[in-house]
Amino acid sequence: MCGIVGVSGSPSASENVHQGLLILQHRGQDSAGITSFDSRTAKFHTHKDLGQVSTVFSAKDLSKLQGDVAIGHTRYSTIGEIRECDLQPMMVGYPYAVAMAHNGNLSNCVDLKKKLTNLGHFFTSDNDLEVLLHLLTLNLSQAKENVFFDKLCTAVKEILHSAEGGFSVVATIGGEGMMAFRDRYGIRPLIYGVKRNEDQSLSYCFSSESSVLNFLNFTVIGEVEAGELILVKPDGTLLKKSLMKSGSLPCMFEWIYFAGAESKMEGRSIYETRLKLGRQLGQRIKNDETMGAVDIVVPVPDTSRASAIALSEELNLPYREVLIKNRYVQRSFIQNGQDRRKMTVNLKFSVIREQVEGKNVLLVDDSIVRGTTSRKIVELLKEHGAKNVYLASTCPPIVSPCYYGIDFPTTDELVAFGRDEKEIETLLNVERVFYNHVSDLSEAMDNASFCKACLNTEYPYPVREGHRV
Ligand code: SF4
């Protein structure tokens, strides 16, 4: 999972993108980058590096990113080591100069790369963005249309046809403007908005989350639809076309965990949905006659706060924030490698002993993926005197990998795979574990359609041998 931002038609495009990336920092902390295009000099400028947005860009770096179009990226690596050659945005120079950034995964990346390599393409990274870039330039070089937008439609349609996975893309094409498109199921998010500049010209912004548009004072136009292409030309004209829509399956995990609580996706508030999920979980627990006494409801900060508050209201129990998070340690789920993840969890939380000692604690988390964080937190609470610990997850059991950009790589690593609730309770050392059901999640999402393949194995694309997770 990553965060992407693109701004066109603004003299402070890079500055806007930088602010947007700071807001999207929770979507990835491995690296950050911005590429701008200056139409006066017809030059691209790029700055990208490993690390968080605040450390990657100095004021001097930003001042060099001149131009009225800029795209940016903050990276959470789901694939392999974090290497400098994988940093985004990436660029190619022929037949058009294109800089591109994306959020997502191509599940058939290996096959596509093989085909391109056989055609003489050469790759310098393991990043599937490079495959998307090569596909675009290959298709552009083969498209016969005279009008650039028509040519682009043909090229992107071909990508949507051949590339499987979840991906949202922003790109700037030298002299032609800024473009954005989304996979044919709309799995990964992308929203856009407009703002009128002082000179009455129009500026457009694309972003993974609506919070960026709100912060930068853009008026939300809507989501880039599944399989839709949008081009904002240098004169501010916006052209869009639906090229290939197979359905609407936005990733449910955005509402559960990934997106900022202040954002809206597909018109649905992240915060409101988390409140609903908490209420539903509360009802499940209320209706369970075998459930023991609970003294306090405790959220695992930060994502589960809204759900834990709603759950405590539903059960009429005190809500207590007894787990204190060290804000300078990165989110444990988005750390690569199990060892790094374990170490992060150890550093991450402190417990207020006097609030926990002798208490029956109902711990609320957004999800239980590998169980690493949950197990450690339960251990911490018990070390600090908790009598009993019950664990409630707003997300239903995750039983299958994600091929579309979320780091649930193998079934073996998923605590709920092949285990019943009793076995999970034993493994996590809790008295009881409660999950929302898939039907609760659907209800909280107003019965809209969304991707839930990691919960029920109903993948939108066929899963083949060698699919990349
Ligand atoms: S498989 Fe799960 S995590 Fe992956 S896109 Fe679908 S809902 Fe999201």
# chains A, B, ... in the order shown; residues from 1 in each chain; ligands from 1
$ residues_near_ligand --ligand "ligand 1" --cutoff "6 Å" --atoms "only C-alpha atoms and all ligand atoms" --output "compact mmCIF listing (two decimals) with N, CA and C atoms, in the first residue's frame"
# COMPACT_ATOMS: atom_id res chain seq x y z
N ILE A 187 -9.93 -1.32 -7.25
CA ILE A 187 -9.55 -1.91 -5.95
C ILE A 187 -8.80 -0.88 -5.09
N CYS A 251 -11.11 -1.97 -1.99
CA CYS A 251 -10.57 -2.82 -0.91
C CYS A 251 -11.19 -2.47 0.44
N MET A 252 -11.81 -3.46 1.09
CA MET A 252 -12.47 -3.21 2.38
C MET A 252 -11.48 -2.79 3.46
N PHE A 253 -10.19 -3.16 3.26
CA PHE A 253 -9.21 -2.92 4.32
C PHE A 253 -8.91 -1.42 4.48
N CYS A 402 -3.48 -11.41 0.10
CA CYS A 402 -3.91 -10.34 -0.80
C CYS A 402 -2.91 -10.26 -1.95
N TYR A 404 -3.24 -7.82 -4.19
CA TYR A 404 -3.51 -6.51 -4.77
C TYR A 404 -2.93 -5.35 -3.96
N ILE A 406 -1.83 -5.33 -0.39
CA ILE A 406 -1.78 -5.32 1.07
C ILE A 406 -0.89 -6.48 1.52
N CYS A 451 -14.13 -5.45 -2.36
CA CYS A 451 -13.28 -6.63 -2.38
C CYS A 451 -13.15 -7.18 -0.96
N LYS A 452 -13.41 -8.45 -0.81
CA LYS A 452 -13.24 -9.12 0.48
C LYS A 452 -12.58 -10.48 0.25
N ALA A 453 -11.76 -10.55 -0.79
CA ALA A 453 -11.17 -11.83 -1.19
C ALA A 453 -10.32 -12.46 -0.09
N CYS A 454 -9.67 -11.61 0.73
CA CYS A 454 -8.83 -12.17 1.81
C CYS A 454 -9.70 -12.76 2.92
$ residues_around --residues "A:Phe57" --least-positions-apart "3" --cutoff "12 Å" --atoms "only C-alpha atoms" --output "list of chain:residue names"
A:Ser14, A:Glu15, A:Val17, A:His18, A:Gln19, A:Leu21, A:Leu22, A:Ser31, A:Ala32, A:Gly33, A:Ile34, A:Thr46, A:His47, A:Lys48, A:Asp49, A:Leu50, A:Gly51, A:Gln52, A:Val53, A:Ser54, A:Lys60, A:Asp61, A:Leu62, A:Ser63, A:Lys64, A:Leu65, A:Gly72, A:Thr74
$ write_last_selection --atoms "N, CA and C atoms" --output "compact mmCIF listing (two decimals), in the first residue's frame"
# COMPACT_ATOMS: atom_id res chain seq x y z
N SER A 14 4.51 21.38 -6.52
CA SER A 14 5.36 20.51 -5.70
C SER A 14 5.10 20.70 -4.21
N GLU A 15 4.91 21.98 -3.85
CA GLU A 15 4.61 22.28 -2.44
C GLU A 15 3.31 21.59 -2.03
N VAL A 17 1.95 18.95 -3.41
CA VAL A 17 2.14 17.49 -3.38
C VAL A 17 2.89 17.10 -2.11
N HIS A 18 3.87 17.90 -1.74
CA HIS A 18 4.63 17.62 -0.51
C HIS A 18 3.69 17.62 0.70
N GLN A 19 2.80 18.63 0.78
CA GLN A 19 1.84 18.68 1.90
C GLN A 19 0.92 17.46 1.85
N LEU A 21 1.61 14.53 0.64
CA LEU A 21 2.35 13.32 1.06
C LEU A 21 2.49 13.27 2.58
N LEU A 22 2.66 14.44 3.20
CA LEU A 22 2.74 14.45 4.67
C LEU A 22 1.44 13.92 5.26
N SER A 31 9.75 5.19 1.81
CA SER A 31 10.41 6.17 0.95
C SER A 31 9.40 7.20 0.48
N ALA A 32 9.91 8.27 -0.09
CA ALA A 32 9.02 9.31 -0.63
C ALA A 32 9.69 9.94 -1.84
N GLY A 33 8.88 10.46 -2.76
CA GLY A 33 9.46 11.11 -3.94
C GLY A 33 8.47 12.02 -4.62
N ILE A 34 9.00 13.03 -5.29
CA ILE A 34 8.17 13.95 -6.10
C ILE A 34 8.88 14.18 -7.43
N THR A 46 13.22 15.76 -10.28
CA THR A 46 12.83 14.69 -9.35
C THR A 46 13.69 14.73 -8.09
N HIS A 47 13.03 14.50 -6.96
CA HIS A 47 13.77 14.23 -5.73
C HIS A 47 13.07 13.07 -5.02
N LYS A 48 13.82 12.03 -4.70
CA LYS A 48 13.22 10.88 -4.01
C LYS A 48 14.31 10.20 -3.19
N ASP A 49 13.88 9.60 -2.09
CA ASP A 49 14.87 8.94 -1.23
C ASP A 49 14.16 7.99 -0.27
N LEU A 50 14.95 7.16 0.40
CA LEU A 50 14.42 6.29 1.44
C LEU A 50 14.08 7.15 2.65
N GLY A 51 13.04 6.79 3.38
CA GLY A 51 12.70 7.51 4.61
C GLY A 51 11.33 8.16 4.54
N GLN A 52 10.98 8.83 5.63
CA GLN A 52 9.67 9.47 5.72
C GLN A 52 9.70 10.82 5.00
N VAL A 53 8.51 11.30 4.67
CA VAL A 53 8.39 12.53 3.88
C VAL A 53 9.15 13.69 4.52
N SER A 54 9.01 13.83 5.85
CA SER A 54 9.63 14.98 6.52
C SER A 54 11.15 14.93 6.47
N LYS A 60 15.28 23.26 0.51
CA LYS A 60 16.10 23.44 -0.69
C LYS A 60 15.69 22.42 -1.77
N ASP A 61 15.46 21.16 -1.33
CA ASP A 61 15.05 20.13 -2.30
C ASP A 61 13.74 20.55 -2.98
N LEU A 62 12.81 21.05 -2.15
CA LEU A 62 11.50 21.43 -2.70
C LEU A 62 11.61 22.59 -3.68
N SER A 63 12.49 23.54 -3.35
CA SER A 63 12.61 24.72 -4.22
C SER A 63 13.12 24.34 -5.61
N LYS A 64 13.78 23.20 -5.70
CA LYS A 64 14.29 22.77 -7.02
C LYS A 64 13.21 22.07 -7.86
N LEU A 65 12.12 21.69 -7.21
CA LEU A 65 11.06 20.95 -7.93
C LEU A 65 10.09 21.93 -8.57
N GLY A 72 3.54 12.80 -6.68
CA GLY A 72 4.34 12.35 -5.53
C GLY A 72 3.88 11.01 -5.03
N THR A 74 4.43 8.13 -1.58
CA THR A 74 5.01 7.67 -0.33
C THR A 74 4.84 6.17 -0.29
$ atom_distance --atom1 "atom CA of A:Ile309" --atom2 "atom CA of A:Asn360"
17.0 Å
$ residues_around --residues "stretch 234-245 of chain A" --least-positions-apart "6" --cutoff "9 Å" --atoms "only C-alpha atoms" --output "list in words"
Ser8, Gly9, Ser39, Asp68, Val69, Phe149, Cys153, Thr154, Val156, Lys157, Leu160, His161, Gly175, Glu176, Gly177, Met178, Asp183, Arg184, Tyr185, Gly186, Ser201, Leu202, Ser203, Tyr204, Glu225, Ala226, Gly227 and Glu228 of chain A
$ write_last_selection --atoms "C-alpha atoms" --output "PDB file, in the first residue's frame"
ATOM      1  CA  SER A   8      -1.631  20.222 -12.058  1.00  0.00           C
ATOM      2  CA  GLY A   9      -2.167  23.862 -12.982  1.00  0.00           C
ATOM      3  CA  SER A  39       6.362  23.672 -18.962  1.00  0.00           C
ATOM      4  CA  ASP A  68       3.028  23.657 -12.487  1.00  0.00           C
ATOM      5  CA  VAL A  69       2.551  19.888 -12.548  1.00  0.00           C
ATOM      6  CA  PHE A 149      -6.038  11.725 -25.845  1.00  0.00           C
ATOM      7  CA  CYS A 153      -7.113   5.910 -24.353  1.00  0.00           C
ATOM      8  CA  THR A 154      -5.959   3.082 -26.629  1.00  0.00           C
ATOM      9  CA  VAL A 156      -4.355   2.644 -21.236  1.00  0.00           C
ATOM     10  CA  LYS A 157      -7.204   0.373 -22.388  1.00  0.00           C
ATOM     11  CA  LEU A 160      -6.341  -2.427 -18.256  1.00  0.00           C
ATOM     12  CA  HIS A 161      -6.909  -5.419 -20.466  1.00  0.00           C
ATOM     13  CA  GLY A 175       3.874  18.761 -22.708  1.00  0.00           C
ATOM     14  CA  GLU A 176       0.635  16.723 -22.636  1.00  0.00           C
ATOM     15  CA  GLY A 177      -0.507  17.169 -19.023  1.00  0.00           C
ATOM     16  CA  MET A 178      -1.279  14.991 -16.021  1.00  0.00           C
ATOM     17  CA  ASP A 183      -7.654  -0.735 -12.325  1.00  0.00           C
ATOM     18  CA  ARG A 184     -10.764  -2.214 -13.858  1.00  0.00           C
ATOM     19  CA  TYR A 185     -12.272  -3.139 -10.454  1.00  0.00           C
ATOM     20  CA  GLY A 186     -11.268   0.085  -8.684  1.00  0.00           C
ATOM     21  CA  SER A 201      -7.374  29.181 -14.184  1.00  0.00           C
ATOM     22  CA  LEU A 202      -8.203  25.711 -12.839  1.00  0.00           C
ATOM     23  CA  SER A 203      -5.980  23.470 -10.795  1.00  0.00           C
ATOM     24  CA  TYR A 204      -6.691  19.755 -10.300  1.00  0.00           C
ATOM     25  CA  GLU A 225     -13.990   5.272 -11.542  1.00  0.00           C
ATOM     26  CA  ALA A 226     -12.833   1.683 -11.999  1.00  0.00           C
ATOM     27  CA  GLY A 227     -11.229   1.441 -15.449  1.00  0.00           C
ATOM     28  CA  GLU A 228     -11.488   5.182 -16.080  1.00  0.00           C
TER      29      GLU A 228
END
$ residues_around --residues "stretch 208-220 of chain A" --least-positions-apart "6" --cutoff "6 Å" --atoms "only C-alpha atoms" --output "count of residues only"
11
$ select_by_dssp --residues "stretch 419-455 of chain A" --states "alpha helix (DSSP H)" --output "PyMOL selection string"
chain A and resi 421-428+438-444+453-455
$ write_last_selection --atoms "N, CA and C atoms" --output "mmCIF file, in the first residue's frame"
data_model
loop_
_atom_site.group_PDB
_atom_site.id
_atom_site.type_symbol
_atom_site.label_atom_id
_atom_site.label_comp_id
_atom_site.auth_asym_id
_atom_site.auth_seq_id
_atom_site.Cartn_x
_atom_site.Cartn_y
_atom_site.Cartn_z
ATOM 1 N N GLU A 421 -11.742 -20.538 16.406
ATOM 2 C CA GLU A 421 -11.581 -19.478 17.411
ATOM 3 C C GLU A 421 -10.870 -19.970 18.669
ATOM 4 N N LYS A 422 -11.181 -21.226 19.066
ATOM 5 C CA LYS A 422 -10.532 -21.781 20.277
ATOM 6 C C LYS A 422 -9.017 -21.815 20.098
ATOM 7 N N GLU A 423 -8.588 -22.262 18.909
ATOM 8 C CA GLU A 423 -7.146 -22.354 18.641
ATOM 9 C C GLU A 423 -6.498 -20.968 18.597
ATOM 10 N N ILE A 424 -7.233 -20.012 18.050
ATOM 11 C CA ILE A 424 -6.695 -18.636 17.999
ATOM 12 C C ILE A 424 -6.572 -18.083 19.421
ATOM 13 N N GLU A 425 -7.591 -18.372 20.245
ATOM 14 C CA GLU A 425 -7.545 -17.900 21.641
ATOM 15 C C GLU A 425 -6.310 -18.453 22.347
ATOM 16 N N THR A 426 -6.043 -19.727 22.147
ATOM 17 C CA THR A 426 -4.877 -20.351 22.791
ATOM 18 C C THR A 426 -3.590 -19.696 22.294
ATOM 19 N N LEU A 427 -3.513 -19.520 20.991
ATOM 20 C CA LEU A 427 -2.298 -18.962 20.395
ATOM 21 C C LEU A 427 -2.045 -17.522 20.861
ATOM 22 N N LEU A 428 -3.123 -16.763 21.004
ATOM 23 C CA LEU A 428 -2.954 -15.355 21.396
ATOM 24 C C LEU A 428 -3.013 -15.158 22.916
ATOM 25 N N VAL A 438 -18.510 -11.419 8.140
ATOM 26 C CA VAL A 438 -18.477 -10.727 6.840
ATOM 27 C C VAL A 438 -19.802 -9.978 6.622
ATOM 28 N N SER A 439 -20.907 -10.551 7.098
ATOM 29 C CA SER A 439 -22.214 -9.887 6.942
ATOM 30 C C SER A 439 -22.258 -8.574 7.737
ATOM 31 N N ASP A 440 -21.572 -8.525 8.894
ATOM 32 C CA ASP A 440 -21.510 -7.269 9.671
ATOM 33 C C ASP A 440 -20.765 -6.205 8.885
ATOM 34 N N LEU A 441 -19.670 -6.647 8.255
ATOM 35 C CA LEU A 441 -18.858 -5.715 7.472
ATOM 36 C C LEU A 441 -19.685 -5.173 6.302
ATOM 37 N N SER A 442 -20.412 -6.081 5.633
ATOM 38 C CA SER A 442 -21.250 -5.649 4.505
ATOM 39 C C SER A 442 -22.281 -4.630 4.972
ATOM 40 N N GLU A 443 -22.878 -4.888 6.119
ATOM 41 C CA GLU A 443 -23.903 -3.984 6.641
ATOM 42 C C GLU A 443 -23.286 -2.616 6.970
ATOM 43 N N ALA A 444 -22.095 -2.651 7.591
ATOM 44 C CA ALA A 444 -21.426 -1.386 7.941
ATOM 45 C C ALA A 444 -21.061 -0.602 6.682
ATOM 46 N N ALA A 453 -11.763 -10.547 -0.789
ATOM 47 C CA ALA A 453 -11.172 -11.826 -1.190
ATOM 48 C C ALA A 453 -10.321 -12.456 -0.088
ATOM 49 N N CYS A 454 -9.671 -11.610 0.728
ATOM 50 C CA CYS A 454 -8.831 -12.173 1.805
ATOM 51 C C CYS A 454 -9.700 -12.762 2.922
ATOM 52 N N LEU A 455 -11.006 -12.484 2.892
ATOM 53 C CA LEU A 455 -11.915 -13.033 3.914
ATOM 54 C C LEU A 455 -12.652 -14.269 3.405
#
$ closest_residue --among "A:Ala42, A:Leu362, A:Met265, A:Val369" --to "A:Ser400" --atoms "only C-alpha atoms"
A:Val369
$ residues_around --residues "A:Ser125" --least-positions-apart "3" --cutoff "10 Å" --atoms "only C-alpha atoms" --output "list in words"
Arg83, Glu84, Cys85, Asp86, Leu87, Phe122, Asp128, Leu129, Glu130 and Val131 of chain A
$ residues_around --residues "stretch 135-146 of chain A" --least-positions-apart "3" --cutoff "6 Å" --atoms "only C-alpha atoms" --output "list in words"
Leu132, Lys151 and Ala155 of chain A
$ closest_residue --among "A:Val322, A:Val300, A:Ile71, A:Met179" --to "A:Glu354" --atoms "only C-alpha atoms"
A:Val322
$ atom_distance --atom1 "atom CA of A:Ser367" --atom2 "atom CA of A:Pro299"
11.7 Å
$ residues_around --residues "A:Phe37" --least-positions-apart "3" --cutoff "7 Å" --atoms "only C-alpha atoms" --output "ChimeraX atom specification"
/A:42-45,66-70,174
$ atom_distance --atom1 "atom CA of A:Ile159" --atom2 "atom CA of A:Phe206"
20.0 Å
$ select_by_dssp --residues "stretch 158-336 of chain A" --states "strand (DSSP E)" --output "PyMOL selection string"
chain A and resi 165-173+177-182+191-196+202-207+219-223+228-232+238-242+264-265+268-269+296-299+323-325
$ decode --residues "stretch 70-110 of chain A" --atoms "N, CA and C atoms" --output "compact mmCIF listing (two decimals), in the first residue's frame"
# COMPACT_ATOMS: atom_id res chain seq x y z
N ALA A 70 2.98 18.34 -10.72
CA ALA A 70 3.86 17.50 -9.89
C ALA A 70 3.09 16.27 -9.45
N ILE A 71 3.82 15.17 -9.35
CA ILE A 71 3.23 13.94 -8.79
C ILE A 71 4.14 13.47 -7.66
N GLY A 72 3.54 12.80 -6.68
CA GLY A 72 4.34 12.35 -5.53
C GLY A 72 3.88 11.01 -5.03
N HIS A 73 4.76 10.42 -4.24
CA HIS A 73 4.53 9.05 -3.80
C HIS A 73 5.14 8.83 -2.43
N THR A 74 4.43 8.13 -1.58
CA THR A 74 5.01 7.67 -0.33
C THR A 74 4.84 6.17 -0.29
N ARG A 75 5.91 5.47 0.01
CA ARG A 75 5.94 4.04 -0.30
C ARG A 75 5.90 3.13 0.93
N TYR A 76 5.06 2.14 0.77
CA TYR A 76 5.06 1.01 1.69
C TYR A 76 5.39 -0.18 0.82
N SER A 77 6.52 -0.79 1.08
CA SER A 77 6.97 -1.85 0.20
C SER A 77 6.32 -3.18 0.57
N THR A 78 5.59 -3.76 -0.39
CA THR A 78 5.01 -5.10 -0.12
C THR A 78 5.88 -6.18 -0.72
N ILE A 79 6.86 -5.77 -1.50
CA ILE A 79 7.65 -6.76 -2.24
C ILE A 79 9.13 -6.59 -1.92
N GLY A 80 9.70 -7.59 -1.29
CA GLY A 80 11.16 -7.65 -1.13
C GLY A 80 11.76 -6.52 -0.33
N GLU A 81 13.06 -6.37 -0.52
CA GLU A 81 13.85 -5.34 0.16
C GLU A 81 13.46 -3.96 -0.34
N ILE A 82 13.78 -2.95 0.48
CA ILE A 82 13.55 -1.58 0.02
C ILE A 82 14.85 -1.11 -0.62
N ARG A 83 14.81 -0.90 -1.95
CA ARG A 83 16.04 -0.51 -2.65
C ARG A 83 15.83 0.81 -3.37
N GLU A 84 16.91 1.53 -3.53
CA GLU A 84 16.79 2.86 -4.15
C GLU A 84 16.24 2.80 -5.57
N CYS A 85 16.57 1.70 -6.29
CA CYS A 85 16.10 1.62 -7.67
C CYS A 85 14.58 1.42 -7.75
N ASP A 86 13.96 1.07 -6.64
CA ASP A 86 12.51 0.86 -6.65
C ASP A 86 11.72 2.12 -6.29
N LEU A 87 12.43 3.20 -5.99
CA LEU A 87 11.73 4.41 -5.53
C LEU A 87 10.88 5.03 -6.63
N GLN A 88 9.80 5.64 -6.23
CA GLN A 88 8.88 6.31 -7.15
C GLN A 88 8.88 7.81 -6.87
N PRO A 89 8.48 8.62 -7.86
CA PRO A 89 8.06 8.31 -9.22
C PRO A 89 9.22 7.76 -10.06
N MET A 90 8.82 7.02 -11.14
CA MET A 90 9.80 6.53 -12.10
C MET A 90 9.55 7.21 -13.45
N MET A 91 10.56 7.19 -14.31
CA MET A 91 10.44 7.89 -15.60
C MET A 91 10.91 7.07 -16.77
N VAL A 92 10.31 7.31 -17.93
CA VAL A 92 10.88 6.84 -19.20
C VAL A 92 10.85 8.03 -20.16
N GLY A 93 11.63 7.94 -21.24
CA GLY A 93 11.75 9.11 -22.11
C GLY A 93 11.25 8.93 -23.52
N TYR A 94 10.78 7.72 -23.89
CA TYR A 94 10.37 7.50 -25.28
C TYR A 94 9.14 6.60 -25.34
N PRO A 95 8.17 6.81 -26.21
CA PRO A 95 8.06 7.87 -27.21
C PRO A 95 7.61 9.21 -26.62
N TYR A 96 7.20 9.19 -25.36
CA TYR A 96 6.89 10.42 -24.63
C TYR A 96 7.68 10.38 -23.34
N ALA A 97 7.98 11.55 -22.79
CA ALA A 97 8.62 11.58 -21.48
C ALA A 97 7.51 11.45 -20.44
N VAL A 98 7.54 10.36 -19.69
CA VAL A 98 6.47 10.09 -18.72
C VAL A 98 7.07 9.83 -17.35
N ALA A 99 6.56 10.53 -16.33
CA ALA A 99 6.90 10.21 -14.95
C ALA A 99 5.65 9.67 -14.30
N MET A 100 5.79 8.58 -13.55
CA MET A 100 4.59 7.88 -13.05
C MET A 100 4.77 7.43 -11.61
N ALA A 101 3.68 7.40 -10.86
CA ALA A 101 3.68 6.84 -9.51
C ALA A 101 2.41 6.01 -9.36
N HIS A 102 2.48 4.95 -8.57
CA HIS A 102 1.27 4.14 -8.42
C HIS A 102 1.14 3.60 -7.00
N ASN A 103 -0.06 3.15 -6.73
CA ASN A 103 -0.36 2.48 -5.47
C ASN A 103 -1.01 1.15 -5.84
N GLY A 104 -0.39 0.04 -5.43
CA GLY A 104 -1.02 -1.25 -5.71
C GLY A 104 -0.04 -2.31 -6.11
N ASN A 105 -0.57 -3.36 -6.67
CA ASN A 105 0.22 -4.54 -7.08
C ASN A 105 -0.35 -5.10 -8.38
N LEU A 106 0.53 -5.49 -9.27
CA LEU A 106 0.09 -6.25 -10.44
C LEU A 106 0.28 -7.72 -10.10
N SER A 107 -0.80 -8.46 -10.01
CA SER A 107 -0.65 -9.86 -9.61
C SER A 107 -0.02 -10.70 -10.72
N ASN A 108 -0.14 -10.28 -11.98
CA ASN A 108 0.51 -11.02 -13.07
C ASN A 108 1.76 -10.29 -13.57
N CYS A 109 2.42 -9.60 -12.65
CA CYS A 109 3.59 -8.80 -13.00
C CYS A 109 4.69 -9.65 -13.65
N VAL A 110 4.91 -10.85 -13.10
CA VAL A 110 6.00 -11.68 -13.61
C VAL A 110 5.75 -12.05 -15.08
